[in-house]
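Next comes target28.cif, a file with mmCIF, C-alpha atoms.
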data_entry
loop_
_atom_site.label_atom_id
_atom_site.label_comp_id
_atom_site.auth_asym_id
_atom_site.auth_seq_id
_atom_site.Cartn_x
_atom_site.Cartn_y
_atom_site.Cartn_z
CA MET A 1 -95.05 -32.07 -195.21
CA PHE A 2 -93.30 -29.39 -197.30
CA ARG A 3 -95.22 -26.34 -195.98
CA ASP A 4 -93.69 -23.87 -193.59
CA ARG A 5 -95.36 -22.67 -190.37
CA GLU A 6 -96.88 -19.59 -192.03
CA GLN A 7 -98.55 -21.69 -194.74
CA LEU A 8 -99.88 -24.16 -192.17
CA ASN A 9 -101.30 -21.36 -190.01
CA LYS A 10 -102.98 -19.79 -193.06
CA GLU A 11 -104.63 -23.09 -194.02
CA ARG A 12 -105.81 -23.72 -190.47
CA ALA A 13 -107.32 -20.23 -190.31
CA GLU A 14 -109.14 -20.73 -193.62
CA ASN A 15 -110.47 -24.11 -192.49
CA GLY A 16 -111.56 -22.83 -189.08
CA ALA A 17 -109.36 -25.45 -187.42
CA ARG A 18 -108.44 -23.26 -184.45
CA ASN A 19 -111.17 -21.66 -182.36
CA PRO A 20 -109.91 -20.54 -178.94
CA LEU A 21 -112.34 -18.80 -176.62
CA GLY A 22 -111.40 -15.12 -176.59
CA PRO A 23 -110.56 -13.85 -173.06
CA THR A 24 -112.81 -10.79 -173.49
CA THR A 25 -115.54 -12.33 -175.66
CA ARG A 26 -116.60 -15.98 -175.56
CA LEU A 27 -114.66 -17.31 -172.57
CA GLY A 28 -116.94 -15.84 -169.88
CA PRO A 29 -120.28 -16.98 -171.40
CA PHE A 30 -118.84 -20.44 -172.01
CA LEU A 31 -117.69 -20.82 -168.41
CA GLU A 32 -120.94 -19.47 -166.96
CA ALA A 33 -122.92 -21.98 -169.03
CA ALA A 34 -120.55 -24.79 -168.06
CA TRP A 35 -120.82 -23.92 -164.37
CA SER A 36 -124.61 -24.00 -164.59
CA LYS A 37 -124.66 -27.31 -166.51
CA ARG A 38 -122.30 -28.86 -163.93
CA LYS A 39 -125.19 -29.03 -161.46
CA SER A 40 -127.70 -30.71 -163.76
CA ASN A 41 -128.28 -33.99 -165.55
CA ASP A 42 -125.31 -35.79 -163.96
CA ASN A 43 -122.83 -33.63 -165.87
CA GLY A 44 -120.47 -32.97 -162.96
CA THR A 45 -117.66 -35.27 -164.08
CA GLY A 46 -117.70 -34.08 -167.68
CA ILE A 47 -117.83 -30.39 -166.80
CA ASP A 48 -115.00 -30.72 -164.27
CA TYR A 49 -113.00 -32.52 -166.97
CA LEU A 50 -113.52 -29.60 -169.38
CA ILE A 51 -112.94 -26.81 -166.85
CA LEU A 52 -109.69 -28.36 -165.58
CA MET A 53 -108.53 -28.87 -169.16
CA LEU A 54 -109.06 -25.14 -169.64
CA LEU A 55 -107.36 -24.17 -166.35
CA TRP A 56 -104.33 -26.39 -167.02
CA GLY A 57 -104.02 -25.98 -170.78
CA CYS A 58 -103.37 -29.70 -171.06
CA ARG A 59 -104.01 -32.09 -173.92
CA LYS A 60 -107.17 -34.20 -173.76
CA SER A 61 -105.14 -37.41 -173.31
CA GLU A 62 -103.11 -36.07 -170.39
CA HIS A 63 -105.53 -35.41 -167.54
CA ALA A 64 -108.25 -37.95 -168.43
CA PRO A 65 -106.44 -40.96 -166.82
CA CYS A 66 -105.36 -39.04 -163.69
CA GLN A 67 -105.74 -40.91 -160.41
CA TRP A 68 -105.85 -39.71 -156.81
CA GLY A 69 -102.23 -39.55 -155.70
CA GLU A 70 -102.87 -40.61 -152.11
CA LEU A 71 -104.15 -43.97 -153.39
CA LEU A 72 -100.85 -44.64 -155.17
CA PRO A 73 -97.64 -45.82 -153.43
CA ALA A 74 -94.61 -43.55 -153.74
CA SER A 75 -92.55 -46.41 -155.18
CA ALA A 76 -93.14 -50.00 -156.19
CA PRO A 77 -92.33 -52.84 -153.77
CA VAL A 78 -92.10 -55.32 -156.67
CA LYS A 79 -90.06 -54.78 -159.84
CA ASP A 80 -89.23 -56.87 -162.89
CA ARG A 81 -85.74 -58.04 -163.86
CA GLN A 82 -85.01 -54.75 -165.61
CA GLY A 83 -85.96 -52.79 -162.49
CA ALA A 84 -89.25 -51.48 -163.92
CA SER A 85 -92.24 -51.20 -161.62
CA LEU A 86 -94.87 -53.93 -161.85
CA THR A 87 -97.49 -51.83 -160.06
CA PRO A 88 -98.82 -48.28 -160.55
CA THR A 89 -96.96 -45.72 -158.46
CA ARG A 90 -96.74 -41.96 -158.24
CA ARG A 91 -93.65 -42.17 -160.45
CA ASN A 92 -95.26 -43.97 -163.37
CA THR A 93 -98.94 -42.92 -163.21
CA SER A 94 -100.69 -39.64 -164.03
CA HIS A 95 -102.15 -38.29 -160.80
CA VAL A 96 -103.17 -35.26 -158.77
CA TRP A 97 -101.67 -34.58 -155.36
CA LEU A 98 -103.88 -32.37 -153.20
CA ALA A 99 -101.87 -32.43 -149.98
CA ASP A 100 -99.26 -29.81 -149.12
CA ASP A 101 -96.28 -31.73 -150.50
CA PRO A 102 -93.09 -30.34 -148.83
CA GLU A 103 -91.32 -29.98 -152.16
CA TYR A 104 -94.09 -29.03 -154.58
CA GLY A 105 -97.31 -28.35 -152.70
CA PRO A 106 -100.48 -29.42 -154.59
CA TYR A 107 -99.58 -30.51 -158.12
CA VAL A 108 -100.76 -32.49 -161.14
CA PHE A 109 -98.40 -35.01 -162.74
CA PHE A 110 -98.81 -36.24 -166.32
CA HIS A 111 -96.87 -39.43 -167.09
CA ASN A 112 -95.38 -40.13 -170.51
CA THR A 113 -96.95 -37.25 -172.43
CA LYS A 114 -97.10 -36.73 -176.18
CA ASN A 115 -93.44 -35.75 -176.42
CA GLY A 116 -92.39 -38.73 -174.29
CA SER A 117 -91.59 -36.73 -171.15
CA ASN A 118 -93.25 -36.54 -167.76
CA HIS A 119 -94.83 -33.20 -166.92
CA ARG A 120 -95.55 -31.73 -163.48
CA MET A 121 -97.53 -28.53 -162.92
CA PRO A 122 -98.70 -26.66 -159.81
CA ILE A 123 -102.41 -26.67 -159.00
CA GLY A 124 -103.85 -23.19 -158.53
CA THR A 125 -105.93 -22.14 -155.54
CA MET A 126 -109.34 -22.41 -157.19
CA ALA A 127 -108.55 -25.54 -159.20
CA LEU A 128 -107.57 -27.11 -155.88
CA GLU A 129 -111.00 -26.29 -154.46
CA LEU A 130 -112.66 -27.76 -157.56
CA LEU A 131 -110.61 -30.95 -157.18
CA ARG A 132 -111.53 -31.31 -153.52
CA ARG A 133 -115.19 -31.11 -154.51
CA ARG A 134 -114.49 -33.54 -157.35
CA GLN A 135 -112.95 -35.99 -154.87
CA ALA A 136 -116.06 -35.94 -152.69
CA ALA A 137 -118.37 -36.16 -155.72
CA SER A 138 -116.49 -39.04 -157.34
CA ALA A 139 -116.54 -41.03 -154.08
CA GLU A 140 -120.32 -40.52 -153.85
CA GLU A 141 -120.66 -41.37 -157.52
CA ALA A 142 -118.69 -44.60 -157.09
CA ILE A 143 -120.98 -45.73 -154.27
CA ARG A 144 -124.16 -44.70 -156.09
CA ARG A 145 -123.22 -46.54 -159.26
CA GLY A 146 -121.73 -49.56 -157.53
CA PHE A 147 -118.27 -49.06 -159.00
CA GLY A 148 -115.47 -51.34 -157.88
CA VAL A 149 -111.97 -50.34 -156.88
CA LYS A 150 -110.92 -50.03 -160.54
CA LEU A 151 -113.05 -46.94 -161.13
CA ARG A 152 -112.87 -45.35 -157.67
CA LYS A 153 -109.21 -44.47 -158.11
CA PHE A 154 -109.82 -42.11 -161.05
CA VAL A 155 -110.32 -38.35 -160.76
CA PHE A 156 -112.80 -38.61 -163.65
CA PRO A 157 -114.40 -42.06 -163.37
CA ALA A 158 -116.23 -43.48 -166.37
CA LYS A 159 -120.02 -43.49 -166.29
CA ARG A 160 -120.25 -47.19 -167.12
CA LYS A 161 -118.78 -50.15 -165.27
CA ALA A 162 -118.00 -51.77 -168.62
CA ALA A 163 -115.71 -48.94 -169.75
CA LYS A 164 -112.38 -50.46 -170.74
CA THR A 165 -110.18 -47.65 -169.44
CA GLY A 166 -112.20 -47.04 -166.28
CA HIS A 167 -112.02 -43.28 -166.71
CA TYR A 168 -114.03 -40.56 -168.46
CA SER A 169 -112.51 -39.38 -171.73
CA ASP A 170 -115.08 -38.44 -174.38
CA ALA A 171 -116.56 -34.99 -173.73
CA LYS A 172 -117.45 -34.32 -177.37
CA ASP A 173 -121.23 -34.47 -176.92
CA LEU A 174 -121.12 -32.35 -173.77
CA LEU A 175 -118.89 -29.78 -175.47
CA ASP A 176 -121.25 -29.67 -178.45
CA ARG A 177 -124.18 -28.96 -176.13
CA LEU A 178 -122.24 -26.15 -174.44
CA ARG A 179 -121.34 -24.75 -177.84
CA ASP A 180 -125.01 -24.64 -178.83
CA GLU A 181 -125.93 -23.19 -175.44
CA VAL A 182 -123.72 -20.12 -175.84
CA GLY A 183 -123.95 -19.79 -179.61
CA VAL A 184 -120.34 -20.66 -180.44
CA ALA A 185 -120.05 -21.82 -184.04
CA LYS A 186 -117.20 -24.27 -183.54
CA ILE A 187 -115.07 -25.53 -180.67
CA ASN A 188 -113.28 -28.74 -179.77
CA ARG A 189 -111.35 -29.93 -176.73
CA HIS A 190 -107.99 -28.78 -178.05
CA ASP A 191 -109.46 -25.28 -178.39
CA LEU A 192 -109.62 -25.21 -174.58
CA ARG A 193 -105.83 -25.67 -174.56
CA ARG A 194 -105.59 -22.87 -177.12
CA SER A 195 -107.81 -20.71 -174.89
CA PHE A 196 -105.33 -21.21 -172.05
CA GLY A 197 -102.62 -20.06 -174.47
CA ALA A 198 -104.67 -17.03 -175.50
CA MET A 199 -104.97 -16.00 -171.85
CA MET A 200 -101.21 -16.41 -171.38
CA THR A 201 -100.67 -14.10 -174.35
CA ALA A 202 -103.12 -11.55 -172.95
CA LEU A 203 -101.26 -11.59 -169.62
CA GLU A 204 -97.86 -11.36 -171.36
CA VAL A 205 -96.60 -14.51 -169.67
CA PRO A 206 -92.84 -14.97 -170.26
CA GLU A 207 -91.97 -17.38 -173.05
CA THR A 208 -90.12 -19.78 -170.74
CA ILE A 209 -93.22 -20.10 -168.55
CA LYS A 210 -95.42 -20.66 -171.60
CA LYS A 211 -93.19 -23.49 -172.77
CA ALA A 212 -93.14 -25.07 -169.33
CA PHE A 213 -96.95 -25.02 -169.05
CA PHE A 214 -97.52 -26.22 -172.60
CA ASN A 215 -94.90 -28.98 -172.24
CA HIS A 216 -93.59 -28.45 -175.75
CA SER A 217 -90.90 -30.79 -176.98
CA ASP A 218 -88.22 -28.10 -176.90
CA THR A 219 -88.87 -27.02 -173.32
CA THR A 220 -85.95 -27.40 -170.94
CA VAL A 221 -87.94 -28.13 -167.77
CA THR A 222 -90.82 -30.55 -167.42
CA ASP A 223 -90.71 -32.63 -164.26
CA THR A 224 -87.76 -31.48 -162.16
CA TYR A 225 -87.53 -27.86 -161.05
CA THR A 226 -85.52 -25.73 -158.68
CA LYS A 227 -87.45 -24.10 -155.83
CA ALA A 228 -87.24 -20.74 -157.59
CA GLU A 229 -88.56 -22.16 -160.87
CA TRP A 230 -91.42 -23.94 -159.12
CA ALA A 231 -92.37 -20.83 -157.12
CA LEU A 232 -92.48 -18.82 -160.35
CA LEU A 233 -94.64 -21.45 -162.06
CA ARG A 234 -97.05 -21.46 -159.10
CA THR A 235 -97.30 -17.65 -159.15
CA TRP A 236 -98.11 -17.57 -162.84
CA MET A 237 -100.52 -20.51 -162.59
CA ASN A 238 -102.56 -18.60 -160.01
CA LYS A 239 -102.52 -15.45 -162.17
CA ILE A 240 -103.71 -17.35 -165.26
CA GLU A 241 -106.35 -19.28 -163.31
CA GLN A 242 -107.80 -16.13 -161.74
CA ALA A 243 -107.81 -14.30 -165.08
CA ILE A 244 -109.76 -17.17 -166.66
CA LEU A 245 -112.29 -17.59 -163.85
CA VAL A 246 -112.89 -13.88 -163.27
CA THR A 247 -114.60 -13.84 -166.69
CA ALA A 248 -117.30 -16.07 -165.12
CA PRO A 249 -118.13 -14.36 -161.79
CA ASN A 250 -120.50 -17.08 -160.55
CA ALA A 251 -117.81 -19.75 -160.96
CA TYR A 252 -115.17 -17.45 -159.47
CA ASN A 253 -117.26 -16.62 -156.38
CA SER A 254 -118.05 -20.28 -155.82
CA LEU A 255 -114.41 -21.44 -155.98
CA LYS A 256 -112.56 -18.55 -154.36
CA PRO A 257 -111.22 -18.88 -150.79
CA ALA A 258 -113.54 -17.58 -148.09
CA ASP A 259 -111.29 -14.62 -147.26
CA TRP A 260 -111.25 -13.31 -150.84
CA PRO A 261 -113.90 -10.63 -151.54
CA PRO A 262 -116.61 -11.68 -154.00
CA ILE A 263 -116.89 -9.93 -157.35
CA PRO A 264 -120.15 -8.56 -158.84
CA ALA A 265 -121.94 -11.37 -160.62
CA PRO A 266 -124.94 -11.57 -162.96
CA ASP A 267 -127.80 -13.97 -162.36
CA PRO A 268 -126.59 -17.55 -162.89
CA HIS A 269 -126.93 -18.85 -166.41
CA VAL A 270 -130.02 -21.00 -166.94
CA CYS A 271 -129.38 -23.81 -169.40
CA ARG A 272 -132.04 -24.85 -171.83
CA PRO A 273 -133.77 -28.14 -170.98
CA ALA A 274 -132.04 -31.13 -172.51
CA LEU A 275 -133.77 -32.61 -175.53
CA PRO A 276 -135.27 -36.06 -174.95
CA ARG A 277 -132.90 -38.82 -175.95
CA THR A 278 -133.92 -41.01 -178.84
CA GLY A 279 -132.12 -44.06 -177.50
CA ARG A 280 -130.23 -44.29 -180.75
CA PRO A 281 -126.41 -44.11 -180.54
CA ARG A 282 -124.46 -41.36 -182.22
CA LYS A 283 -123.55 -42.31 -185.78
CA ASP A 284 -119.81 -42.00 -185.23
CA PHE A 285 -119.80 -44.43 -182.28
CA PRO A 286 -117.52 -47.41 -182.77
CA LYS A 287 -119.57 -50.57 -183.37
CA ALA A 288 -118.73 -52.01 -179.95
CA ASP A 289 -119.96 -48.86 -178.21
CA GLN A 290 -123.16 -48.88 -180.29
CA ASP A 291 -123.95 -52.33 -178.97
CA VAL A 292 -123.42 -51.14 -175.39
CA ALA A 293 -125.49 -47.98 -175.94
CA LEU A 294 -128.40 -49.96 -177.35
CA THR A 295 -128.58 -52.37 -174.42
#

Rewritten as structure tokens:
Amino acid sequence: MFRDREQLNKERAENGARNPLGPTTRLGPFLEAAWSKRKSNDNGTGIDYLILMLLWGCRKSEHAPCQWGELLPASAPVKDRQGASLTPTRRNTSHVWLADDPEYGPYVFFHNTKNGSNHRMPIGTMALELLRRRQAASAEEAIRRGFGVKLRKFVFPAKRKAAKTGHYSDAKDLLDRLRDEVGVAKINRHDLRRSFGAMMTALEVPETIKKAFFNHSDTTVTDTYTKAEWALLRTWMNKIEQAILVTAPNAYNSLKPADWPPIPAPDPHVCRPALPRTGRPRKDFPKADQDVALT
């Protein structure tokens, strides 16, 4: 409470609290392993969740509840006495918009973020391709698992019908397996946000753009932008996205537009076979989740 920023940063460094993936060291191997694991053992939703968190630099609570924007009305037909919407709309719900919106183009919208503001960001070219694949995969997943309407609306649907939120949110186990796969000593979900920040630093992104992407409490623009501001954000988002994905050539070549030349790529990463599951829940599961896991 009484420590300054320098003292806090020193303590975090000593405790190993911050572990971003270095743009020239660990980022590429991590992404190559993630891209390989995406295609195995029903990990698609979790890996897409992690990759998009890295490409957007968002907090773990921001993109998890995102819904498909075309399934949400633009405004609510029914409101309460105070004028607040009684139904989810594109104004009060986190969502992704993949169509070519006349004002913004493809974008992601985070409602009521940590600092209390709404936050809109452009979707880069390759993240857009990943989301289009995610849309097709989640629709197939919903049918295969017999999900109702509640879960079909989410970009990252939960794996169980009984999930209270209806969306995927806990990637800790998957991230731990990726960490072991590439030999990273320590990493958590917020380190993916820090990795996005490390890439912005490497690219010398202007401070105003950094603040806009990170949605810090002292930023001056979050949801409403001029055309010039939005065009600049979109330009930088594409630069950052390409700089991240070019470290993993197999992921880059898979997601790039057809008219972009491919880059030299190594053989795809081959993940180690998953260890057989014991059927016993993780020790730090809440009691209610342990009961579900054991049934």

Using the chain letters and numbers from the file, give me the residues hit by the PyMOL selection byres ((chain A and resi 118) around 9), as a count of residues only.
15

Excluding Pro29 of chain A and its own-chain neighbours fewer than 4 positions away, which residues fall within 12 Å of it when counting all atoms listed in the file? Please give them as a list in words.
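The residues that qualify are Leu21, Gly22, Pro23, Thr24, Thr25, Ala33, Ala34, Trp35, Ser36, Leu178, Arg179, Asp180, Glu181, Val182, Gly183, Val184, Ile244, Leu245, Val246, Thr247, Ala248, Pro249, Asn250, Ala251, Pro266, Pro268, His269, Val270 and Cys271 of chain A.
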
Once you count all atoms listed in the file, what closest atom pair and distance in Å to one decimal does each residue of segment 62-170 of chain A within 9 Å of segment 45-57 of chain A have, with rows by chain and rising residue number, as JSON lines?
{"residue": "A:His63", "atom": "CA", "partner": "A:Met53", "partner_atom": "CA", "distance": 7.4}
{"residue": "A:Ala64", "atom": "CA", "partner": "A:Tyr49", "partner_atom": "CA", "distance": 7.4}
{"residue": "A:Met121", "atom": "CA", "partner": "A:Trp56", "partner_atom": "CA", "distance": 8.2}
{"residue": "A:Ile123", "atom": "CA", "partner": "A:Trp56", "partner_atom": "CA", "distance": 8.3}
{"residue": "A:Gly124", "atom": "CA", "partner": "A:Leu55", "partner_atom": "CA", "distance": 8.6}
{"residue": "A:Ala127", "atom": "CA", "partner": "A:Leu52", "partner_atom": "CA", "distance": 7.1}
{"residue": "A:Leu130", "atom": "CA", "partner": "A:Asp48", "partner_atom": "CA", "distance": 7.7}
{"residue": "A:Leu131", "atom": "CA", "partner": "A:Asp48", "partner_atom": "CA", "distance": 8.3}
{"residue": "A:Arg134", "atom": "CA", "partner": "A:Asp48", "partner_atom": "CA", "distance": 7.5}
{"residue": "A:Ala137", "atom": "CA", "partner": "A:Thr45", "partner_atom": "CA", "distance": 8.4}
{"residue": "A:Ser138", "atom": "CA", "partner": "A:Thr45", "partner_atom": "CA", "distance": 7.8}
{"residue": "A:Val155", "atom": "CA", "partner": "A:Thr45", "partner_atom": "CA", "distance": 8.6}
{"residue": "A:Phe156", "atom": "CA", "partner": "A:Thr45", "partner_atom": "CA", "distance": 5.9}
{"residue": "A:Pro157", "atom": "CA", "partner": "A:Thr45", "partner_atom": "CA", "distance": 7.6}
{"residue": "A:Ala158", "atom": "CA", "partner": "A:Thr45", "partner_atom": "CA", "distance": 8.6}
{"residue": "A:Lys159", "atom": "CA", "partner": "A:Thr45", "partner_atom": "CA", "distance": 8.8}
{"residue": "A:Tyr168", "atom": "CA", "partner": "A:Gly46", "partner_atom": "CA", "distance": 7.5}
{"residue": "A:Ser169", "atom": "CA", "partner": "A:Tyr49", "partner_atom": "CA", "distance": 8.4}
{"residue": "A:Asp170", "atom": "CA", "partner": "A:Gly46", "partner_atom": "CA", "distance": 8.4}

Filtering to C-alpha atoms, could you give me those residues as an mmCIF file, keeping the file's coordinate frame?
data_model
loop_
_atom_site.group_PDB
_atom_site.id
_atom_site.type_symbol
_atom_site.label_atom_id
_atom_site.label_comp_id
_atom_site.auth_asym_id
_atom_site.auth_seq_id
_atom_site.Cartn_x
_atom_site.Cartn_y
_atom_site.Cartn_z
ATOM 1 C CA HIS A 63 -105.530 -35.410 -167.540
ATOM 2 C CA ALA A 64 -108.250 -37.950 -168.430
ATOM 3 C CA MET A 121 -97.530 -28.530 -162.920
ATOM 4 C CA ILE A 123 -102.410 -26.670 -159.000
ATOM 5 C CA GLY A 124 -103.850 -23.190 -158.530
ATOM 6 C CA ALA A 127 -108.550 -25.540 -159.200
ATOM 7 C CA LEU A 130 -112.660 -27.760 -157.560
ATOM 8 C CA LEU A 131 -110.610 -30.950 -157.180
ATOM 9 C CA ARG A 134 -114.490 -33.540 -157.350
ATOM 10 C CA ALA A 137 -118.370 -36.160 -155.720
ATOM 11 C CA SER A 138 -116.490 -39.040 -157.340
ATOM 12 C CA VAL A 155 -110.320 -38.350 -160.760
ATOM 13 C CA PHE A 156 -112.800 -38.610 -163.650
ATOM 14 C CA PRO A 157 -114.400 -42.060 -163.370
ATOM 15 C CA ALA A 158 -116.230 -43.480 -166.370
ATOM 16 C CA LYS A 159 -120.020 -43.490 -166.290
ATOM 17 C CA TYR A 168 -114.030 -40.560 -168.460
ATOM 18 C CA SER A 169 -112.510 -39.380 -171.730
ATOM 19 C CA ASP A 170 -115.080 -38.440 -174.380
#

Which residue of A:Ala198, A:Lys153, A:Asp100, A:Ala136 approaches Trp68 of chain A most closely, using all atoms listed in the file:
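Under the stated criterion, the closest residue is A:Lys153.
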
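Restricting the calculation to only C-alpha atoms, the smallest distance between Lys211 of chain A and any of A:Thr224, A:Ala76, A:Leu233, A:Gly28 is found for A:Leu233.
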
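Of the listed residues (A:Leu71, A:Ala163, A:Leu31, A:Met237), A:Leu31 comes nearest to Tyr252 of chain A; the distances count all atoms listed in the file.
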